[in-house]
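Trainee: Structure file upload29.tsv, TSV, C-alpha atoms and all ligand atoms, is pasted below:
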```
chain	number	residue	atom	x	y	z
A	1	MET	CA	-6.11	-22.43	12.18
A	2	LYS	CA	-3.23	-20.13	11.22
A	3	GLU	CA	-0.57	-19.45	13.80
A	4	ILE	CA	-1.46	-16.09	15.27
A	5	PHE	CA	1.24	-13.42	15.24
A	6	LYS	CA	0.41	-9.89	16.26
A	7	ASN	CA	3.10	-8.55	13.96
A	8	THR	CA	3.13	-5.62	11.64
A	9	LEU	CA	1.59	-6.05	8.21
A	10	ILE	CA	1.36	-2.46	6.98
A	11	GLN	CA	3.31	0.68	7.81
A	12	ILE	CA	2.68	4.08	6.30
A	13	HIS	CA	4.89	7.08	6.97
A	14	HIS	CA	4.16	10.71	6.11
A	15	LEU	CA	1.58	9.71	3.52
A	16	LYS	CA	0.12	12.58	1.55
A	17	ALA	CA	-2.39	12.48	-1.30
A	18	SER	CA	-4.18	15.17	-3.28
A	19	VAL	CA	-6.78	15.46	-6.02
A	20	LYS	CA	-7.06	18.11	-8.70
A	21	LEU	CA	-10.34	19.98	-8.53
A	22	ASN	CA	-12.26	21.19	-11.60
A	23	ASN	CA	-10.98	24.75	-11.08
A	24	GLY	CA	-7.37	23.49	-11.21
A	25	ASP	CA	-6.73	23.82	-7.46
A	26	MET	CA	-5.24	20.87	-5.57
A	27	LEU	CA	-7.14	19.51	-2.56
A	28	THR	CA	-5.15	17.54	0.02
A	29	THR	CA	-7.20	14.44	0.86
A	30	VAL	CA	-4.65	12.68	3.11
A	31	ASN	CA	-2.23	14.85	5.05
A	32	ASP	CA	0.88	13.38	6.68
A	33	ALA	CA	-0.72	10.10	7.76
A	34	ASN	CA	1.31	7.68	9.88
A	35	MET	CA	-0.04	4.24	10.78
A	36	GLU	CA	1.14	0.81	11.77
A	37	LEU	CA	-1.37	-1.99	11.21
A	38	GLN	CA	-0.83	-5.42	12.74
A	39	ARG	CA	-2.13	-8.86	11.91
A	40	CYS	CA	-4.82	-10.21	14.24
A	41	ARG	CA	-6.02	-6.70	15.10
A	42	SER	CA	-8.99	-4.60	14.06
A	43	TYR	CA	-8.90	-0.90	13.17
A	44	ALA	CA	-11.70	1.57	12.52
A	45	ILE	CA	-11.37	4.89	10.73
A	46	VAL	CA	-14.02	7.43	11.65
A	47	GLY	CA	-14.48	11.06	10.70
A	48	LYS	CA	-17.01	13.35	9.13
A	49	SER	CA	-17.96	13.20	5.47
A	50	GLY	CA	-15.15	14.45	3.24
A	51	SER	CA	-12.45	14.00	5.90
A	52	GLY	CA	-10.44	11.62	3.68
A	53	LYS	CA	-11.42	8.14	4.93
A	54	THR	CA	-12.11	6.60	1.52
A	55	SER	CA	-9.03	8.28	0.02
A	56	LEU	CA	-6.86	6.71	2.73
A	57	ILE	CA	-8.39	3.23	2.61
A	58	SER	CA	-8.01	3.11	-1.19
A	59	ILE	CA	-4.29	3.80	-0.82
A	60	ILE	CA	-3.94	1.18	1.93
A	61	GLY	CA	-5.93	-1.26	-0.26
A	62	LEU	CA	-3.41	-0.71	-3.09
A	63	LEU	CA	-6.17	0.67	-5.33
A	64	ASN	CA	-4.45	4.04	-5.69
A	65	ARG	CA	-0.70	4.66	-5.77
A	66	ASP	CA	-0.86	8.37	-6.45
A	67	TYR	CA	0.62	9.66	-3.17
A	68	GLU	CA	3.80	10.87	-1.50
A	69	GLY	CA	5.41	9.18	1.51
A	70	ASP	CA	6.24	5.57	2.33
A	71	TYR	CA	4.03	2.54	2.26
A	72	ILE	CA	5.59	-0.73	3.43
A	73	TYR	CA	3.50	-3.89	3.02
A	74	ASP	CA	4.96	-6.86	4.90
A	75	GLY	CA	8.46	-5.49	4.41
A	76	ILE	CA	7.92	-4.60	0.73
A	77	SER	CA	8.22	-0.98	-0.31
A	78	ILE	CA	5.16	-0.40	-2.49
A	79	SER	CA	6.80	2.38	-4.50
A	80	LYS	CA	9.29	-0.14	-5.92
A	81	LEU	CA	6.58	-2.40	-7.39
A	82	LYS	CA	5.51	-2.37	-11.03
A	83	ASP	CA	1.76	-1.95	-11.65
A	84	ARG	CA	1.34	-5.67	-12.38
A	85	GLU	CA	3.18	-6.67	-9.20
A	86	LEU	CA	0.98	-4.28	-7.24
A	87	SER	CA	-2.19	-5.81	-8.74
A	88	MET	CA	-0.98	-9.33	-7.88
A	89	LEU	CA	-0.13	-8.29	-4.31
A	90	ARG	CA	-3.62	-6.82	-3.96
A	91	ALA	CA	-5.48	-9.76	-5.57
A	92	ASN	CA	-3.69	-12.36	-3.45
A	93	ASN	CA	-3.48	-10.62	-0.10
A	94	ILE	CA	-6.29	-8.12	0.39
A	95	GLY	CA	-10.01	-8.78	0.57
A	96	PHE	CA	-12.55	-5.98	0.15
A	97	VAL	CA	-16.05	-5.61	1.57
A	98	PHE	CA	-18.26	-2.68	0.56
A	99	GLN	CA	-21.46	-1.15	1.88
A	100	ASN	CA	-23.52	-2.26	-1.15
A	101	TYR	CA	-22.08	-5.83	-1.10
A	102	SER	CA	-20.93	-5.54	-4.76
A	103	LEU	CA	-22.09	-9.05	-5.65
A	104	ILE	CA	-22.63	-9.99	-9.28
A	105	LYS	CA	-26.38	-10.39	-9.54
A	106	TYR	CA	-26.46	-12.90	-12.42
A	107	LEU	CA	-24.06	-15.28	-10.59
A	108	ARG	CA	-25.17	-17.70	-7.88
A	109	VAL	CA	-23.77	-17.40	-4.36
A	110	TRP	CA	-21.10	-20.08	-4.95
A	111	GLU	CA	-20.10	-18.51	-8.27
A	112	ASN	CA	-19.62	-15.10	-6.63
A	113	ILE	CA	-17.33	-16.69	-4.04
A	114	GLU	CA	-15.46	-18.61	-6.74
A	115	LEU	CA	-14.51	-15.48	-8.73
A	116	PRO	CA	-11.36	-14.47	-6.78
A	117	LEU	CA	-10.15	-18.08	-6.92
A	118	LEU	CA	-10.28	-17.98	-10.72
A	119	TYR	CA	-8.08	-14.87	-10.78
A	120	ALA	CA	-5.65	-15.84	-8.01
A	121	LYS	CA	-1.96	-16.39	-8.71
A	122	LYS	CA	-2.24	-19.92	-7.41
A	123	ALA	CA	-4.19	-22.23	-9.74
A	124	PHE	CA	-6.97	-24.12	-7.96
A	125	SER	CA	-8.52	-27.27	-9.44
A	126	LYS	CA	-12.32	-27.43	-9.68
A	127	LYS	CA	-12.39	-29.83	-6.71
A	128	GLN	CA	-10.19	-27.53	-4.63
A	129	ARG	CA	-12.44	-24.59	-5.49
A	130	GLN	CA	-15.53	-26.54	-4.45
A	131	GLU	CA	-13.92	-27.47	-1.13
A	132	ILE	CA	-12.85	-23.88	-0.41
A	133	ILE	CA	-16.31	-22.51	-1.30
A	134	LEU	CA	-18.05	-25.05	0.95
A	135	GLU	CA	-15.70	-24.23	3.84
A	136	LEU	CA	-16.29	-20.48	3.36
A	137	LEU	CA	-20.07	-20.91	3.15
A	138	LYS	CA	-19.93	-22.83	6.44
A	139	SER	CA	-17.80	-20.17	8.10
A	140	VAL	CA	-20.36	-17.46	7.25
A	141	GLY	CA	-23.36	-19.74	8.01
A	142	LEU	CA	-24.77	-19.91	4.48
A	143	GLU	CA	-24.31	-23.56	3.41
A	144	SER	CA	-27.97	-23.81	2.40
A	145	LYS	CA	-27.84	-20.77	0.13
A	146	GLU	CA	-25.06	-21.78	-2.24
A	147	ASN	CA	-27.33	-21.98	-5.30
A	148	ASP	CA	-29.33	-18.83	-4.62
A	149	TYR	CA	-28.93	-15.59	-6.53
A	150	PRO	CA	-28.06	-12.46	-4.49
A	151	VAL	CA	-31.47	-10.91	-5.11
A	152	ASN	CA	-33.06	-13.73	-3.09
A	153	LEU	CA	-30.92	-13.05	-0.02
A	154	SER	CA	-31.39	-10.54	2.79
A	155	GLY	CA	-28.92	-7.65	3.15
A	156	GLY	CA	-27.12	-9.44	6.00
A	157	GLU	CA	-26.87	-12.64	3.96
A	158	GLN	CA	-25.53	-10.75	0.95
A	159	GLN	CA	-22.87	-9.15	3.16
A	160	ARG	CA	-21.94	-12.63	4.44
A	161	VAL	CA	-21.44	-13.76	0.85
A	162	ALA	CA	-19.29	-10.66	0.24
A	163	ILE	CA	-17.21	-11.56	3.33
A	164	ALA	CA	-16.84	-15.17	2.12
A	165	ARG	CA	-15.73	-13.86	-1.28
A	166	ALA	CA	-13.22	-11.51	0.40
A	167	LEU	CA	-11.81	-14.51	2.32
A	168	ALA	CA	-11.56	-16.82	-0.70
A	169	VAL	CA	-7.86	-16.26	-1.38
A	170	SER	CA	-6.95	-16.43	2.35
A	171	PRO	CA	-6.03	-12.73	2.50
A	172	GLU	CA	-3.80	-11.20	5.14
A	173	ALA	CA	-5.98	-8.10	5.33
A	174	ILE	CA	-9.67	-7.29	4.95
A	175	LEU	CA	-10.62	-3.72	4.15
A	176	CYS	CA	-14.24	-2.68	4.57
A	177	ASP	CA	-15.89	0.58	3.55
A	178	GLU	CA	-19.05	1.00	5.67
A	179	PRO	CA	-19.65	-2.79	5.91
A	180	THR	CA	-22.77	-2.32	8.04
A	181	GLY	CA	-23.97	0.91	6.44
A	182	ALA	CA	-26.92	-0.72	4.63
A	183	LEU	CA	-27.92	-3.03	7.50
A	184	ASP	CA	-30.17	-2.66	10.53
A	185	THR	CA	-28.45	-2.40	13.93
A	186	LYS	CA	-28.90	-6.06	14.91
A	187	THR	CA	-27.69	-7.45	11.57
A	188	GLY	CA	-24.80	-4.96	11.57
A	189	LYS	CA	-23.73	-6.28	14.98
A	190	GLN	CA	-23.86	-9.87	13.73
A	191	ILE	CA	-21.72	-8.97	10.71
A	192	MET	CA	-19.17	-7.31	13.03
A	193	GLU	CA	-19.11	-10.41	15.26
A	194	LEU	CA	-18.41	-12.52	12.19
A	195	LEU	CA	-15.60	-10.19	11.07
A	196	HIS	CA	-14.01	-10.12	14.53
A	197	ASN	CA	-14.17	-13.94	14.79
A	198	ILE	CA	-12.42	-14.17	11.42
A	199	VAL	CA	-9.70	-11.75	12.61
A	200	GLN	CA	-8.99	-14.00	15.60
A	201	GLU	CA	-9.30	-17.34	13.82
A	202	LYS	CA	-7.27	-16.51	10.75
A	203	GLY	CA	-4.92	-13.87	12.15
A	204	ILE	CA	-6.14	-11.31	9.62
A	205	MET	CA	-5.79	-7.52	9.88
A	206	LEU	CA	-9.20	-5.82	9.66
A	207	LEU	CA	-9.47	-2.16	8.68
A	208	LEU	CA	-12.86	-0.58	8.31
A	209	VAL	CA	-14.32	2.82	7.61
A	210	THR	CA	-17.52	3.60	9.48
A	211	HIS	CA	-19.78	6.48	10.42
A	212	ASP	CA	-21.20	4.43	13.30
A	213	PRO	CA	-19.45	5.02	16.67
A	214	ASP	CA	-20.85	1.73	18.08
A	215	ILE	CA	-19.32	-0.22	15.18
A	216	ALA	CA	-16.00	1.63	15.57
A	217	GLU	CA	-16.01	0.85	19.29
A	218	THR	CA	-15.92	-2.91	18.56
A	219	CYS	CA	-12.42	-2.47	17.03
A	220	ASP	CA	-9.11	-2.59	18.94
A	221	THR	CA	-7.98	0.77	17.59
A	222	ILE	CA	-9.93	3.79	16.35
A	223	PHE	CA	-8.39	6.43	14.12
A	224	GLU	CA	-10.16	9.71	13.57
A	225	MET	CA	-9.72	11.71	10.36
A	226	ASP	CA	-10.27	15.42	10.09
A	227	GLY	CA	-9.39	17.42	6.98
A	228	GLY	CA	-7.05	14.64	5.76
A	229	ARG	CA	-5.19	14.38	9.06
A	230	ILE	CA	-5.41	11.20	11.10
A	231	ALA	CA	-5.11	10.77	14.85
A	232	CYS	CA	-5.44	7.73	17.08
A	233	ALA	CA	-8.59	8.10	19.20
A	234	LYS	CA	-8.53	4.72	21.00
A	235	ASN	CA	-5.96	1.95	21.29
A	236	ASP	CA	-6.67	-1.23	23.28
A	237	THR	CA	-3.54	-3.24	23.88
B	1	LIG	N1	-11.74	12.43	-7.59
B	1	LIG	C1	-12.01	13.49	-6.83
B	1	LIG	N2	-12.22	14.71	-7.37
B	1	LIG	C2	-12.48	15.78	-6.58
B	1	LIG	N3	-12.56	15.75	-5.24
B	1	LIG	C3	-12.37	14.54	-4.65
B	1	LIG	C4	-12.09	13.37	-5.41
B	1	LIG	N4	-11.96	12.33	-4.53
B	1	LIG	C5	-12.15	12.86	-3.30
B	1	LIG	N5	-12.38	14.18	-3.37
B	1	LIG	C6	-12.60	15.09	-2.23
B	1	LIG	O1	-11.62	14.75	-1.27
B	1	LIG	C7	-12.13	14.85	0.05
B	1	LIG	C8	-11.98	13.51	0.76
B	1	LIG	O2	-12.85	12.56	0.14
B	1	LIG	P1	-13.10	11.11	0.73
B	1	LIG	O3	-14.05	10.42	-0.18
B	1	LIG	O4	-11.79	10.47	0.98
B	1	LIG	O5	-13.80	11.45	2.12
B	1	LIG	P2	-14.62	10.50	3.12
B	1	LIG	O6	-14.17	10.86	4.49
B	1	LIG	O7	-14.47	9.09	2.69
B	1	LIG	O8	-16.10	10.99	2.88
B	1	LIG	P3	-17.51	10.16	3.03
B	1	LIG	O9	-17.62	9.83	4.49
B	1	LIG	O10	-18.53	11.15	2.59
B	1	LIG	O11	-17.43	8.96	2.15
B	1	LIG	C9	-13.59	15.31	-0.11
B	1	LIG	O12	-13.63	16.69	0.05
B	1	LIG	C10	-13.93	14.90	-1.53
B	1	LIG	O13	-14.92	15.76	-2.06
```
Turn this file's structure into structure tokens for me.
Ligand SMILES: Nc1ncnc2c1ncn2[C@@H]1O[C@H](COP(=O)(O)OP(=O)(O)OP(=O)(O)O)[C@@H](O)[C@H]1O
Mentor:
Amino acid sequence: MKEIFKNTLIQIHHLKASVKLNNGDMLTTVNDANMELQRCRSYAIVGKSGSGKTSLISIIGLLNRDYEGDYIYDGISISKLKDRELSMLRANNIGFVFQNYSLIKYLRVWENIELPLLYAKKAFSKKQRQEIILELLKSVGLESKENDYPVNLSGGEQQRVAIARALAVSPEAILCDEPTGALDTKTGKQIMELLHNIVQEKGIMLLLVTHDPDIAETCDTIFEMDGGRIACAKNDT
């Protein structure tokens, strides 16, 4: 188990992002956002459709650097990084989980989980990869499914594989966009329990976007977005 420190991983200050609409007008998608995200804590972003949740999480996930303001990741100012450095920081430190699982359908479960290990900065031997995959399959309760293809798994099982894949490089942060959006209530709850256990065990920062107030309520902190602006709606200490 990693030593657990509730210290700051990500800080954003006065973050502002816009997109150019077809008619040439600029639409502000994120407006003066300020956040401090700590390891070993879980955060939900809620808000109505179009309020800017995905725009914000893609910036925090280092998928988009087209913004104004400051973004500090573990003491590193993101604006100073070259594109390649940014990609490496993302690939080695941030895991992503999406609503539709985003598994590669022609790869078996173990091969899907192996993918990030093949692209990681650190080179893993085949034996090391096998050990990591087995450990991850155990942690998401899918040891018996390693040779299955995604199509033969239930939605909840596919999301577990996606979580195992997100954990493969031992990330410091997991970002989820509607992780339970395609699941029934009971399976969604089980997936959230798994994610929260991982946060505690591995000292990871979890940030998720959700439309579901019950899912948001399971997180330590809830942010609400409205027209690109973000406000803290709940903060358990
Ligand atoms: N590439 C783009 N071109 C034009 N408009 C965009 C683009 N990306 C986002 N927008 C607009 O920016 C606003 C914020 O979008 P965003 O996807 O961040 O919202 P959201 O809160 O995640 O919505 P949802 O809950 O529906 O996924 C919306 O009005 C959206 O239509």
Trainee: With all atoms listed in the file counted, collect every polymer residue having an atom within 6 Å of ligand LIG 1 (chain B); state the result as an MDAnalysis selection string.
Mentor: chainID A and resid 19 21 29 48:55
Trainee: What lies within 12 Å of Lys127 (chain A) using all atoms listed in the file, ignoring chain neighbours under 6 positions off, as JSON, numbers by chain?
Mentor: {"A": [114, 117, 133, 134]}
Trainee: Choose the residue, out of A:Ala173, A:Ala168, A:Tyr106, A:Leu62, that has the smallest atom-to-atom separation from Gln130 (chain A); count only C-alpha atoms.
Mentor: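 Closest to Gln130 (chain A) of all the choices is A:Ala168.
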Trainee: Which is closest to Leu206 (chain A) among A:Val169, A:Leu15, A:Ile60, A:Val161, if we use all atoms listed in the file?
Mentor: A:Ile60
Trainee: May I have the residues within 10 Å of region 73-88 of chain A as a PyMOL selection string, using all atoms listed in the file and disregarding those fewer than 2 positions away in the same chain?
Mentor: chain A and resi 7-12+37-38+60+62-63+65-71+90-94+119-121+172
Trainee: Could you write those residues out with C-alpha atoms, as an mmCIF file, keeping the file's coordinate frame?
Mentor:
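Listed below is the output, part_36.cif:
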```
data_model
loop_
_atom_site.group_PDB
_atom_site.id
_atom_site.type_symbol
_atom_site.label_atom_id
_atom_site.label_comp_id
_atom_site.auth_asym_id
_atom_site.auth_seq_id
_atom_site.Cartn_x
_atom_site.Cartn_y
_atom_site.Cartn_z
ATOM 1 C CA ASN A 7 3.100 -8.550 13.960
ATOM 2 C CA THR A 8 3.130 -5.620 11.640
ATOM 3 C CA LEU A 9 1.590 -6.050 8.210
ATOM 4 C CA ILE A 10 1.360 -2.460 6.980
ATOM 5 C CA GLN A 11 3.310 0.680 7.810
ATOM 6 C CA ILE A 12 2.680 4.080 6.300
ATOM 7 C CA LEU A 37 -1.370 -1.990 11.210
ATOM 8 C CA GLN A 38 -0.830 -5.420 12.740
ATOM 9 C CA ILE A 60 -3.940 1.180 1.930
ATOM 10 C CA LEU A 62 -3.410 -0.710 -3.090
ATOM 11 C CA LEU A 63 -6.170 0.670 -5.330
ATOM 12 C CA ARG A 65 -0.700 4.660 -5.770
ATOM 13 C CA ASP A 66 -0.860 8.370 -6.450
ATOM 14 C CA TYR A 67 0.620 9.660 -3.170
ATOM 15 C CA GLU A 68 3.800 10.870 -1.500
ATOM 16 C CA GLY A 69 5.410 9.180 1.510
ATOM 17 C CA ASP A 70 6.240 5.570 2.330
ATOM 18 C CA TYR A 71 4.030 2.540 2.260
ATOM 19 C CA ARG A 90 -3.620 -6.820 -3.960
ATOM 20 C CA ALA A 91 -5.480 -9.760 -5.570
ATOM 21 C CA ASN A 92 -3.690 -12.360 -3.450
ATOM 22 C CA ASN A 93 -3.480 -10.620 -0.100
ATOM 23 C CA ILE A 94 -6.290 -8.120 0.390
ATOM 24 C CA TYR A 119 -8.080 -14.870 -10.780
ATOM 25 C CA ALA A 120 -5.650 -15.840 -8.010
ATOM 26 C CA LYS A 121 -1.960 -16.390 -8.710
ATOM 27 C CA GLU A 172 -3.800 -11.200 5.140
#
```
Trainee: Which distance in Å separates CA of Asn34 (chain A) and CA of Asn197 (chain A), to one decimal?
Mentor: 27.0 Å
Trainee: Which of these, A:Asp177, A:Glu193, A:Asp220, A:Asp184, has the shortest distance to Asn235 (chain A) once you count only C-alpha atoms?
Mentor: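 Going through A:Asp177, A:Glu193, A:Asp220, A:Asp184 one by one, the smallest distance to Asn235 (chain A) is for A:Asp220.
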Trainee: As a list in words, please: the residues near Asp226 (chain A) (cut-off 7 Å, only C-alpha atoms, same-chain neighbours under 3 positions excluded).
Mentor: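 Using only C-alpha atoms, the neighbours found are Gly47, Ser51, Arg229 and Ile230 of chain A.
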Trainee: Please indicate the distance in Å from CA of Ile174 (chain A) to CA of Thr28 (chain A), rounded to one decimal place.
Mentor: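 Going from CA of Ile174 (chain A) over to CA of Thr28 (chain A) covers 25.7 Å.
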Trainee: Select from region 182-202 of chain A every residue with an atom at most 12 Å from any atom of region 135-146 of chain A, then for each give the shortest pair of atoms and their distance in Å to one decimal, using all atoms listed in the file, rows by chain and rising number, as CSV.
Mentor:
```
residue,atom,partner,partner_atom,distance
A:Gln190,CA,A:Val140,CA,10.6
A:Ile191,CA,A:Val140,CA,9.3
A:Met192,CA,A:Val140,CA,11.7
A:Glu193,CA,A:Val140,CA,10.7
A:Leu194,CA,A:Val140,CA,7.3
A:Leu195,CA,A:Val140,CA,9.5
A:Asn197,CA,A:Ser139,CA,9.8
A:Ile198,CA,A:Ser139,CA,8.7
A:Glu201,CA,A:Ser139,CA,10.6
A:Lys202,CA,A:Ser139,CA,11.5
```
Trainee: Give me the residues near Glu217 (chain A) as an mmCIF file with C-alpha atoms, in the frame of the given file, where near means some atom within 10 Å (using only C-alpha atoms) and where sequence neighbours in that chain fewer than 3 positions away do not count.
Mentor:
```
data_model
loop_
_atom_site.group_PDB
_atom_site.id
_atom_site.type_symbol
_atom_site.label_atom_id
_atom_site.label_comp_id
_atom_site.auth_asym_id
_atom_site.auth_seq_id
_atom_site.Cartn_x
_atom_site.Cartn_y
_atom_site.Cartn_z
ATOM 1 C CA TYR A 43 -8.900 -0.900 13.170
ATOM 2 C CA ALA A 44 -11.700 1.570 12.520
ATOM 3 C CA ASP A 212 -21.200 4.430 13.300
ATOM 4 C CA PRO A 213 -19.450 5.020 16.670
ATOM 5 C CA ASP A 214 -20.850 1.730 18.080
ATOM 6 C CA ASP A 220 -9.110 -2.590 18.940
ATOM 7 C CA THR A 221 -7.980 0.770 17.590
ATOM 8 C CA ILE A 222 -9.930 3.790 16.350
ATOM 9 C CA LYS A 234 -8.530 4.720 21.000
#
```
Trainee: Quick check, in Å to one decimal: how far apart do CA of Pro171 (chain A) and CA of Ser125 (chain A) lie?
Mentor: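 Separating CA of Pro171 (chain A) from CA of Ser125 (chain A) is a distance of 19.0 Å.
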